[in-house]
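Colleague: You'll find target-v2.cif just under this line, and it carries mmCIF, all heavy atoms.
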```cif
data_input
loop_
_atom_site.label_atom_id
_atom_site.label_comp_id
_atom_site.auth_asym_id
_atom_site.auth_seq_id
_atom_site.Cartn_x
_atom_site.Cartn_y
_atom_site.Cartn_z
N MET A 1 -9.39 -8.09 -3.75
CA MET A 1 -8.43 -7.10 -4.21
C MET A 1 -7.02 -7.59 -3.93
O MET A 1 -6.76 -8.19 -2.88
CB MET A 1 -8.67 -5.76 -3.47
CG MET A 1 -7.63 -4.69 -3.76
SD MET A 1 -7.81 -3.26 -2.67
CE MET A 1 -9.07 -2.33 -3.52
N GLN A 2 -6.13 -7.31 -4.88
CA GLN A 2 -4.72 -7.62 -4.67
C GLN A 2 -3.93 -6.32 -4.70
O GLN A 2 -4.28 -5.39 -5.43
CB GLN A 2 -4.21 -8.56 -5.75
CG GLN A 2 -4.82 -9.96 -5.64
CD GLN A 2 -4.03 -10.96 -6.45
OE1 GLN A 2 -3.60 -10.68 -7.55
NE2 GLN A 2 -3.84 -12.14 -5.88
N VAL A 3 -2.87 -6.25 -3.90
CA VAL A 3 -2.09 -5.02 -3.81
C VAL A 3 -0.60 -5.36 -3.89
O VAL A 3 -0.15 -6.40 -3.39
CB VAL A 3 -2.43 -4.25 -2.52
CG1 VAL A 3 -2.03 -5.03 -1.28
CG2 VAL A 3 -1.75 -2.87 -2.51
N HIS A 4 0.12 -4.44 -4.54
CA HIS A 4 1.56 -4.61 -4.68
C HIS A 4 2.20 -3.23 -4.65
O HIS A 4 1.70 -2.30 -5.28
CB HIS A 4 1.89 -5.30 -6.02
CG HIS A 4 3.34 -5.30 -6.36
ND1 HIS A 4 4.26 -6.07 -5.69
CD2 HIS A 4 4.02 -4.62 -7.30
CE1 HIS A 4 5.45 -5.85 -6.21
NE2 HIS A 4 5.34 -4.98 -7.19
N VAL A 5 3.30 -3.10 -3.91
CA VAL A 5 4.06 -1.86 -3.91
C VAL A 5 5.22 -2.02 -4.88
O VAL A 5 6.06 -2.91 -4.73
CB VAL A 5 4.60 -1.52 -2.50
CG1 VAL A 5 5.41 -0.22 -2.53
CG2 VAL A 5 3.45 -1.39 -1.50
N ASN A 6 5.26 -1.16 -5.89
CA ASN A 6 6.31 -1.30 -6.90
C ASN A 6 7.56 -0.48 -6.55
O ASN A 6 7.62 0.20 -5.52
CB ASN A 6 5.77 -0.96 -8.30
CG ASN A 6 5.42 0.50 -8.47
OD1 ASN A 6 6.06 1.37 -7.89
ND2 ASN A 6 4.42 0.77 -9.30
N GLY A 7 8.53 -0.51 -7.42
CA GLY A 7 9.83 0.10 -7.17
C GLY A 7 9.84 1.61 -7.19
O GLY A 7 10.89 2.22 -6.93
N ASN A 8 8.71 2.23 -7.48
CA ASN A 8 8.65 3.70 -7.48
C ASN A 8 8.64 4.27 -6.06
O ASN A 8 8.86 5.47 -5.88
CB ASN A 8 7.39 4.19 -8.20
CG ASN A 8 7.43 3.94 -9.69
OD1 ASN A 8 8.48 3.71 -10.26
ND2 ASN A 8 6.26 3.95 -10.31
N CYS A 9 8.37 3.44 -5.07
CA CYS A 9 8.18 3.94 -3.70
C CYS A 9 9.39 4.75 -3.23
O CYS A 9 10.53 4.33 -3.38
CB CYS A 9 7.96 2.75 -2.75
SG CYS A 9 7.82 3.25 -1.03
N ILE A 10 9.07 5.92 -2.65
CA ILE A 10 10.11 6.80 -2.12
C ILE A 10 10.12 6.80 -0.59
O ILE A 10 10.82 7.59 0.04
CB ILE A 10 9.95 8.24 -2.64
CG1 ILE A 10 8.55 8.78 -2.30
CG2 ILE A 10 10.20 8.29 -4.15
CD1 ILE A 10 8.34 10.26 -2.63
N GLY A 11 9.28 5.94 0.00
CA GLY A 11 9.30 5.80 1.45
C GLY A 11 8.74 6.97 2.23
O GLY A 11 9.17 7.23 3.36
N CYS A 12 7.76 7.66 1.66
CA CYS A 12 7.21 8.84 2.35
C CYS A 12 6.40 8.47 3.58
O CYS A 12 6.19 9.31 4.45
CB CYS A 12 6.37 9.66 1.38
SG CYS A 12 4.77 8.92 0.98
N GLY A 13 5.90 7.25 3.62
CA GLY A 13 5.18 6.78 4.81
C GLY A 13 3.69 7.06 4.80
O GLY A 13 2.98 6.68 5.74
N LEU A 14 3.20 7.71 3.76
CA LEU A 14 1.79 8.07 3.73
C LEU A 14 0.87 6.85 3.78
O LEU A 14 -0.13 6.84 4.51
CB LEU A 14 1.50 8.91 2.49
CG LEU A 14 0.09 9.49 2.36
CD1 LEU A 14 -0.22 10.39 3.55
CD2 LEU A 14 -0.04 10.27 1.07
N CYS A 15 1.20 5.83 3.04
CA CYS A 15 0.33 4.65 3.01
C CYS A 15 0.29 3.96 4.37
O CYS A 15 -0.76 3.47 4.80
CB CYS A 15 0.78 3.67 1.93
SG CYS A 15 2.49 3.13 2.07
N ALA A 16 1.43 3.93 5.05
CA ALA A 16 1.47 3.30 6.36
C ALA A 16 0.65 4.09 7.38
O ALA A 16 0.12 3.52 8.33
CB ALA A 16 2.91 3.16 6.83
N SER A 17 0.54 5.39 7.16
CA SER A 17 -0.30 6.22 8.02
C SER A 17 -1.77 6.05 7.67
O SER A 17 -2.63 5.99 8.55
CB SER A 17 0.07 7.70 7.88
OG SER A 17 1.39 7.92 8.31
N THR A 18 -2.05 5.97 6.37
CA THR A 18 -3.43 5.86 5.91
C THR A 18 -4.03 4.51 6.23
O THR A 18 -5.19 4.41 6.63
CB THR A 18 -3.49 6.09 4.38
OG1 THR A 18 -2.91 7.35 4.08
CG2 THR A 18 -4.91 6.03 3.86
N CYS A 19 -3.25 3.47 6.07
CA CYS A 19 -3.75 2.10 6.25
C CYS A 19 -2.68 1.23 6.91
O CYS A 19 -2.06 0.39 6.26
CB CYS A 19 -4.17 1.52 4.90
SG CYS A 19 -4.97 -0.09 5.03
N PRO A 20 -2.46 1.44 8.21
CA PRO A 20 -1.38 0.71 8.90
C PRO A 20 -1.62 -0.79 9.00
O PRO A 20 -0.68 -1.53 9.27
CB PRO A 20 -1.35 1.38 10.28
CG PRO A 20 -2.69 2.00 10.45
CD PRO A 20 -3.14 2.41 9.08
N ASP A 21 -2.85 -1.22 8.78
CA ASP A 21 -3.11 -2.66 8.83
C ASP A 21 -2.59 -3.37 7.58
O ASP A 21 -2.48 -4.60 7.55
CB ASP A 21 -4.60 -2.94 8.97
CG ASP A 21 -5.11 -2.59 10.36
OD1 ASP A 21 -4.30 -2.59 11.31
OD2 ASP A 21 -6.32 -2.30 10.49
N GLU A 22 -2.32 -2.62 6.52
CA GLU A 22 -1.88 -3.25 5.27
C GLU A 22 -0.48 -2.82 4.83
O GLU A 22 0.21 -3.58 4.16
CB GLU A 22 -2.89 -2.94 4.15
CG GLU A 22 -2.55 -3.56 2.81
CD GLU A 22 -2.43 -5.09 2.85
OE1 GLU A 22 -3.06 -5.72 3.71
OE2 GLU A 22 -1.69 -5.64 2.01
N PHE A 23 -0.04 -1.62 5.23
CA PHE A 23 1.26 -1.13 4.75
C PHE A 23 2.19 -0.83 5.92
O PHE A 23 1.76 -0.35 6.97
CB PHE A 23 1.08 0.15 3.91
CG PHE A 23 0.24 -0.04 2.69
CD1 PHE A 23 -1.07 0.40 2.67
CD2 PHE A 23 0.75 -0.68 1.57
CE1 PHE A 23 -1.87 0.22 1.54
CE2 PHE A 23 -0.04 -0.87 0.44
CZ PHE A 23 -1.35 -0.42 0.43
N PHE A 24 3.45 -1.11 5.70
CA PHE A 24 4.47 -0.77 6.69
C PHE A 24 5.74 -0.38 5.95
O PHE A 24 5.90 -0.69 4.77
CB PHE A 24 4.75 -1.95 7.63
CG PHE A 24 5.34 -3.15 6.96
CD1 PHE A 24 6.71 -3.39 7.04
CD2 PHE A 24 4.56 -4.04 6.24
CE1 PHE A 24 7.29 -4.50 6.42
CE2 PHE A 24 5.12 -5.15 5.61
CZ PHE A 24 6.48 -5.38 5.70
N LEU A 25 6.61 0.32 6.65
CA LEU A 25 7.91 0.68 6.06
C LEU A 25 8.93 -0.37 6.46
O LEU A 25 9.08 -0.71 7.63
CB LEU A 25 8.35 2.07 6.53
CG LEU A 25 7.53 3.24 5.98
CD1 LEU A 25 8.04 4.56 6.57
CD2 LEU A 25 7.58 3.31 4.46
N THR A 26 9.66 -0.84 5.48
CA THR A 26 10.67 -1.87 5.72
C THR A 26 11.95 -1.22 6.24
O THR A 26 12.10 0.00 6.20
CB THR A 26 11.00 -2.62 4.43
OG1 THR A 26 11.67 -1.72 3.54
CG2 THR A 26 9.74 -3.15 3.76
N ASP A 27 12.89 -2.04 6.68
CA ASP A 27 14.18 -1.53 7.13
C ASP A 27 14.90 -0.80 6.01
O ASP A 27 15.76 0.05 6.25
CB ASP A 27 15.05 -2.67 7.66
CG ASP A 27 14.50 -3.23 8.97
OD1 ASP A 27 13.69 -2.54 9.62
OD2 ASP A 27 14.89 -4.35 9.34
N GLY A 28 14.56 -1.16 4.76
CA GLY A 28 15.18 -0.51 3.62
C GLY A 28 14.60 0.86 3.31
O GLY A 28 15.06 1.54 2.40
N GLY A 29 13.55 1.25 4.05
CA GLY A 29 13.01 2.58 3.90
C GLY A 29 11.92 2.72 2.86
O GLY A 29 11.52 3.83 2.53
N THR A 30 11.45 1.60 2.33
CA THR A 30 10.34 1.66 1.40
C THR A 30 9.16 0.88 1.98
O THR A 30 9.32 0.11 2.93
CB THR A 30 10.71 1.09 0.02
OG1 THR A 30 11.20 -0.24 0.19
CG2 THR A 30 11.77 1.95 -0.65
N ALA A 31 8.00 1.09 1.39
CA ALA A 31 6.80 0.45 1.90
C ALA A 31 6.63 -0.95 1.35
O ALA A 31 7.12 -1.28 0.26
CB ALA A 31 5.58 1.29 1.56
N ALA A 32 5.92 -1.77 2.11
CA ALA A 32 5.55 -3.10 1.66
C ALA A 32 4.15 -3.41 2.18
O ALA A 32 3.68 -2.78 3.13
CB ALA A 32 6.54 -4.13 2.19
N ALA A 33 3.51 -4.35 1.52
CA ALA A 33 2.18 -4.77 1.93
C ALA A 33 2.30 -5.92 2.92
O ALA A 33 3.14 -6.81 2.77
CB ALA A 33 1.37 -5.20 0.72
N VAL A 34 1.46 -5.89 3.93
CA VAL A 34 1.43 -6.98 4.90
C VAL A 34 1.03 -8.27 4.20
O VAL A 34 1.60 -9.33 4.43
CB VAL A 34 0.44 -6.65 6.04
CG1 VAL A 34 0.25 -7.84 6.96
CG2 VAL A 34 0.92 -5.43 6.83
N SER A 35 0.05 -8.17 3.32
CA SER A 35 -0.43 -9.32 2.58
C SER A 35 -0.81 -8.87 1.17
O SER A 35 -1.40 -7.81 1.01
CB SER A 35 -1.65 -9.93 3.26
OG SER A 35 -2.28 -10.86 2.41
N PRO A 36 -0.50 -9.65 0.15
CA PRO A 36 -0.89 -9.27 -1.20
C PRO A 36 -2.40 -9.37 -1.42
O PRO A 36 -2.94 -8.74 -2.34
CB PRO A 36 -0.14 -10.25 -2.10
CG PRO A 36 0.13 -11.43 -1.23
CD PRO A 36 0.31 -10.88 0.16
N GLU A 37 -3.08 -10.14 -0.60
CA GLU A 37 -4.53 -10.27 -0.70
C GLU A 37 -5.18 -9.36 0.33
O GLU A 37 -4.91 -9.49 1.53
CB GLU A 37 -4.96 -11.72 -0.45
CG GLU A 37 -4.75 -12.64 -1.63
CD GLU A 37 -5.73 -12.36 -2.77
OE1 GLU A 37 -6.79 -11.74 -2.51
OE2 GLU A 37 -5.43 -12.73 -3.90
N VAL A 38 -6.03 -8.45 -0.13
CA VAL A 38 -6.69 -7.51 0.76
C VAL A 38 -8.15 -7.90 0.93
O VAL A 38 -8.88 -8.06 -0.05
CB VAL A 38 -6.62 -6.07 0.19
CG1 VAL A 38 -7.35 -5.10 1.10
CG2 VAL A 38 -5.17 -5.67 0.00
N GLY A 39 -8.56 -8.06 2.17
CA GLY A 39 -9.95 -8.39 2.44
C GLY A 39 -10.85 -7.18 2.24
O GLY A 39 -10.39 -6.03 2.19
N SER A 40 -12.14 -7.45 2.13
CA SER A 40 -13.10 -6.37 1.88
C SER A 40 -13.12 -5.34 3.00
O SER A 40 -13.45 -4.17 2.78
CB SER A 40 -14.50 -6.95 1.67
OG SER A 40 -14.88 -7.72 2.80
N ASP A 41 -12.70 -5.76 4.20
CA ASP A 41 -12.72 -4.83 5.33
C ASP A 41 -11.68 -3.72 5.16
O ASP A 41 -11.85 -2.63 5.70
CB ASP A 41 -12.49 -5.59 6.64
CG ASP A 41 -11.22 -6.44 6.61
OD1 ASP A 41 -10.84 -6.91 5.52
OD2 ASP A 41 -10.62 -6.62 7.68
N LEU A 42 -10.61 -3.99 4.42
CA LEU A 42 -9.55 -3.00 4.24
C LEU A 42 -9.53 -2.39 2.85
O LEU A 42 -8.72 -1.51 2.56
CB LEU A 42 -8.18 -3.63 4.52
CG LEU A 42 -7.84 -3.98 5.97
CD1 LEU A 42 -6.46 -4.60 6.05
CD2 LEU A 42 -7.93 -2.75 6.85
N ALA A 43 -10.41 -2.84 1.98
CA ALA A 43 -10.34 -2.44 0.58
C ALA A 43 -10.42 -0.92 0.40
O ALA A 43 -9.66 -0.34 -0.38
CB ALA A 43 -11.45 -3.12 -0.22
N ASP A 44 -11.31 -0.28 1.13
CA ASP A 44 -11.47 1.17 0.97
C ASP A 44 -10.21 1.92 1.41
O ASP A 44 -9.77 2.87 0.76
CB ASP A 44 -12.67 1.68 1.76
CG ASP A 44 -13.99 1.30 1.11
OD1 ASP A 44 -13.98 0.81 -0.04
OD2 ASP A 44 -15.04 1.49 1.77
N GLN A 45 -9.63 1.47 2.52
CA GLN A 45 -8.41 2.12 3.02
C GLN A 45 -7.25 1.91 2.06
O GLN A 45 -6.44 2.81 1.83
CB GLN A 45 -8.03 1.56 4.39
CG GLN A 45 -8.86 2.07 5.55
CD GLN A 45 -8.36 1.54 6.88
OE1 GLN A 45 -7.17 1.65 7.18
NE2 GLN A 45 -9.24 0.94 7.64
N VAL A 46 -7.14 0.71 1.52
CA VAL A 46 -6.05 0.41 0.59
C VAL A 46 -6.21 1.23 -0.69
O VAL A 46 -5.24 1.77 -1.22
CB VAL A 46 -6.00 -1.11 0.29
CG1 VAL A 46 -5.08 -1.40 -0.90
CG2 VAL A 46 -5.52 -1.86 1.52
N GLN A 47 -7.44 1.33 -1.17
CA GLN A 47 -7.67 2.14 -2.37
C GLN A 47 -7.33 3.60 -2.10
O GLN A 47 -6.74 4.28 -2.95
CB GLN A 47 -9.12 2.01 -2.82
CG GLN A 47 -9.41 2.71 -4.15
CD GLN A 47 -8.62 2.10 -5.31
OE1 GLN A 47 -8.75 0.92 -5.58
NE2 GLN A 47 -7.79 2.90 -5.99
N ALA A 48 -7.69 4.10 -0.93
CA ALA A 48 -7.37 5.48 -0.57
C ALA A 48 -5.86 5.69 -0.52
O ALA A 48 -5.36 6.72 -0.98
CB ALA A 48 -8.00 5.83 0.78
N ALA A 49 -5.15 4.72 0.02
CA ALA A 49 -3.69 4.83 0.07
C ALA A 49 -3.10 4.82 -1.33
O ALA A 49 -2.18 5.59 -1.63
CB ALA A 49 -3.11 3.67 0.90
N ALA A 50 -3.63 3.97 -2.19
CA ALA A 50 -3.14 3.91 -3.57
C ALA A 50 -3.40 5.22 -4.28
O ALA A 50 -2.53 5.73 -5.00
CB ALA A 50 -3.82 2.75 -4.31
N ASP A 51 -4.57 5.80 -4.07
CA ASP A 51 -4.92 7.05 -4.73
C ASP A 51 -4.04 8.20 -4.23
O ASP A 51 -3.77 9.15 -4.97
CB ASP A 51 -6.39 7.39 -4.48
CG ASP A 51 -7.33 6.44 -5.20
OD1 ASP A 51 -6.88 5.71 -6.10
OD2 ASP A 51 -8.52 6.42 -4.83
N ALA A 52 -3.64 8.12 -2.96
CA ALA A 52 -2.88 9.22 -2.35
C ALA A 52 -1.38 9.10 -2.55
O ALA A 52 -0.66 10.09 -2.37
CB ALA A 52 -3.18 9.28 -0.86
N CYS A 53 -0.90 7.95 -2.93
CA CYS A 53 0.55 7.77 -3.09
C CYS A 53 1.09 8.77 -4.12
O CYS A 53 0.61 8.81 -5.25
CB CYS A 53 0.86 6.34 -3.53
SG CYS A 53 2.63 6.09 -3.86
N PRO A 54 2.08 9.56 -3.75
CA PRO A 54 2.55 10.62 -4.64
C PRO A 54 3.29 10.13 -5.88
O PRO A 54 3.49 10.92 -6.82
CB PRO A 54 3.48 11.45 -3.74
CG PRO A 54 3.96 10.50 -2.69
CD PRO A 54 2.79 9.56 -2.45
N VAL A 55 3.71 8.87 -5.88
CA VAL A 55 4.46 8.37 -7.03
C VAL A 55 3.79 7.14 -7.67
O VAL A 55 4.43 6.41 -8.42
CB VAL A 55 5.92 8.05 -6.62
CG1 VAL A 55 6.70 9.32 -6.29
CG2 VAL A 55 5.96 7.06 -5.47
N SER A 56 2.53 6.96 -7.35
CA SER A 56 1.76 5.85 -7.93
C SER A 56 2.47 4.51 -7.78
O SER A 56 2.55 3.72 -8.73
CB SER A 56 1.45 6.12 -9.41
OG SER A 56 0.72 7.31 -9.55
N ALA A 57 2.98 4.26 -6.58
CA ALA A 57 3.73 3.03 -6.34
C ALA A 57 2.85 1.88 -5.88
O ALA A 57 3.31 0.74 -5.84
CB ALA A 57 4.82 3.29 -5.30
N ILE A 58 1.60 2.18 -5.54
CA ILE A 58 0.71 1.13 -5.04
C ILE A 58 -0.21 0.68 -6.16
O ILE A 58 -1.03 1.43 -6.65
CB ILE A 58 -0.11 1.64 -3.84
CG1 ILE A 58 0.83 2.10 -2.71
CG2 ILE A 58 -1.05 0.54 -3.34
CD1 ILE A 58 0.13 2.76 -1.55
N GLU A 59 -0.04 -0.56 -6.56
CA GLU A 59 -0.84 -1.13 -7.64
C GLU A 59 -1.92 -2.01 -7.03
O GLU A 59 -1.63 -2.91 -6.24
CB GLU A 59 0.06 -1.96 -8.55
CG GLU A 59 1.19 -1.16 -9.18
CD GLU A 59 2.17 -2.04 -9.94
OE1 GLU A 59 1.88 -3.23 -10.16
OE2 GLU A 59 3.24 -1.53 -10.32
N VAL A 60 -3.16 -1.74 -7.39
CA VAL A 60 -4.28 -2.56 -6.92
C VAL A 60 -5.05 -3.11 -8.11
O VAL A 60 -5.10 -2.51 -9.17
CB VAL A 60 -5.23 -1.75 -6.01
CG1 VAL A 60 -4.54 -1.32 -4.73
CG2 VAL A 60 -5.79 -0.55 -6.74
N ARG A 61 -5.57 -4.28 -7.93
CA ARG A 61 -6.44 -4.87 -8.97
C ARG A 61 -7.39 -5.86 -8.34
O ARG A 61 -7.19 -6.28 -7.21
CB ARG A 61 -5.62 -5.52 -10.07
CG ARG A 61 -4.70 -6.66 -9.62
CD ARG A 61 -3.81 -7.08 -10.76
NE ARG A 61 -2.73 -7.96 -10.34
CZ ARG A 61 -2.78 -9.28 -10.36
NH1 ARG A 61 -3.87 -9.88 -10.79
NH2 ARG A 61 -1.77 -10.00 -9.96
S1 LIG A 101 2.60 6.35 -0.15
FE1 LIG A 101 3.68 5.53 -1.95
S2 LIG A 101 5.72 6.48 -1.89
FE2 LIG A 101 4.80 6.75 0.13
S3 LIG A 101 5.59 5.01 1.32
FE3 LIG A 101 3.60 4.41 0.45
S4 LIG A 101 4.06 3.37 -1.49
FE4 LIG A 101 5.89 4.50 -0.86
#
```
Represent the structure of the file as structure tokens.
Modeller:
Amino acid sequence: MQVHVNGNCIGCGLCASTCPDEFFLTDGGTAAAVSPEVGSDLADQVQAAADACPVSAIEVR
């Protein structure tokens, strides 16, 4: 799985709470992915974060 946070992010912090191993808030106040490549161990959490993002800013494929 690959993950990318797009420019829609409003910095609500939900993804960083849902999956802190993959998402964090930058100094600029928006989220970023720790790594664009997500291992199978985190895939479910990352998908849950993407589904819960209020502005659909987390793109997974
Ligand atoms: S859940 Fe979405 S809007 Fe909120 S910080 Fe994460 S990427 Fe940004």
Colleague: Is there a way to get, as a VMD selection string, all residues within 6 Å of the point (10.6, 2.5, 0.7) in file coordinates, counting all heavy atoms?
Modeller: chain A and resid 9 to 12 25 to 26 28 to 31
Colleague: Could you write out the selected residues, including all heavy atoms, as a short mmCIF file (atom, residue, chain, number, x, y, z; two decimals), keeping the file's coordinate frame?
Modeller:
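Produced file selection-v9.cif, reproduced below:
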```
data_model
loop_
_atom_site.label_atom_id
_atom_site.label_comp_id
_atom_site.auth_asym_id
_atom_site.auth_seq_id
_atom_site.Cartn_x
_atom_site.Cartn_y
_atom_site.Cartn_z
N CYS A 9 8.37 3.44 -5.07
CA CYS A 9 8.18 3.94 -3.70
C CYS A 9 9.39 4.75 -3.23
O CYS A 9 10.53 4.33 -3.38
CB CYS A 9 7.96 2.75 -2.75
SG CYS A 9 7.82 3.25 -1.03
N ILE A 10 9.07 5.92 -2.65
CA ILE A 10 10.11 6.80 -2.12
C ILE A 10 10.12 6.80 -0.59
O ILE A 10 10.82 7.59 0.04
CB ILE A 10 9.95 8.24 -2.64
CG1 ILE A 10 8.55 8.78 -2.30
CG2 ILE A 10 10.20 8.29 -4.15
CD1 ILE A 10 8.34 10.26 -2.63
N GLY A 11 9.28 5.94 0.00
CA GLY A 11 9.30 5.80 1.45
C GLY A 11 8.74 6.97 2.23
O GLY A 11 9.17 7.23 3.36
N CYS A 12 7.76 7.66 1.66
CA CYS A 12 7.21 8.84 2.35
C CYS A 12 6.40 8.47 3.58
O CYS A 12 6.19 9.31 4.45
CB CYS A 12 6.37 9.66 1.38
SG CYS A 12 4.77 8.92 0.98
N LEU A 25 6.61 0.32 6.65
CA LEU A 25 7.91 0.68 6.06
C LEU A 25 8.93 -0.37 6.46
O LEU A 25 9.08 -0.71 7.63
CB LEU A 25 8.35 2.07 6.53
CG LEU A 25 7.53 3.24 5.98
CD1 LEU A 25 8.04 4.56 6.57
CD2 LEU A 25 7.58 3.31 4.46
N THR A 26 9.66 -0.84 5.48
CA THR A 26 10.67 -1.87 5.72
C THR A 26 11.95 -1.22 6.24
O THR A 26 12.10 0.00 6.20
CB THR A 26 11.00 -2.62 4.43
OG1 THR A 26 11.67 -1.72 3.54
CG2 THR A 26 9.74 -3.15 3.76
N GLY A 28 14.56 -1.16 4.76
CA GLY A 28 15.18 -0.51 3.62
C GLY A 28 14.60 0.86 3.31
O GLY A 28 15.06 1.54 2.40
N GLY A 29 13.55 1.25 4.05
CA GLY A 29 13.01 2.58 3.90
C GLY A 29 11.92 2.72 2.86
O GLY A 29 11.52 3.83 2.53
N THR A 30 11.45 1.60 2.33
CA THR A 30 10.34 1.66 1.40
C THR A 30 9.16 0.88 1.98
O THR A 30 9.32 0.11 2.93
CB THR A 30 10.71 1.09 0.02
OG1 THR A 30 11.20 -0.24 0.19
CG2 THR A 30 11.77 1.95 -0.65
N ALA A 31 8.00 1.09 1.39
CA ALA A 31 6.80 0.45 1.90
C ALA A 31 6.63 -0.95 1.35
O ALA A 31 7.12 -1.28 0.26
CB ALA A 31 5.58 1.29 1.56
#
```
Colleague: Write out as a PyMOL selection string all residues of chain A that DSSP puts in alpha helix (DSSP H) for this structure's backbone.
Modeller: chain A and resi 14-18+43-52
Colleague: Using only C-alpha atoms and all ligand atoms, what are the residues with an atom within 9 Å of ligand LIG 101 (chain A), set out as a ChimeraX atom specification?
Modeller: /A:4-18,23-25,29-32,49-58
Colleague: Just to confirm, what's the straight-line distance from atom C of Glu22 in chain A to CA of Asp41 in chain A in Å (one decimal)?
Modeller: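 So the answer is 12.4 Å.
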Colleague: Rounded to one decimal in Å, what is the spacing between atom O of Pro20 in chain A and NE of Arg61 in chain A?
Modeller: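 Interatomic distance here is 20.7 Å.
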Colleague: Using only C-alpha atoms, which of A:Asp27, A:Cys19, A:Val46, A:Ser35 sits nearest Glu59 in chain A?
Modeller: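 Closest residue, counting only C-alpha atoms: A:Val46.
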Colleague: Would you please give, as a PyMOL selection string, all residues of chain A that DSSP assigns to strand (DSSP E or B) based on the backbone?
Modeller: chain A and resi 2-5+23-25+31-33+37+58-60
Colleague: For the atom pair atom N of Met1 in chain A and atom C of Ser40 in chain A, what is the interatomic distance in Å to one decimal place?
Modeller: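 For atom N of Met1 in chain A relative to atom C of Ser40 in chain A, the distance reads 8.2 Å.
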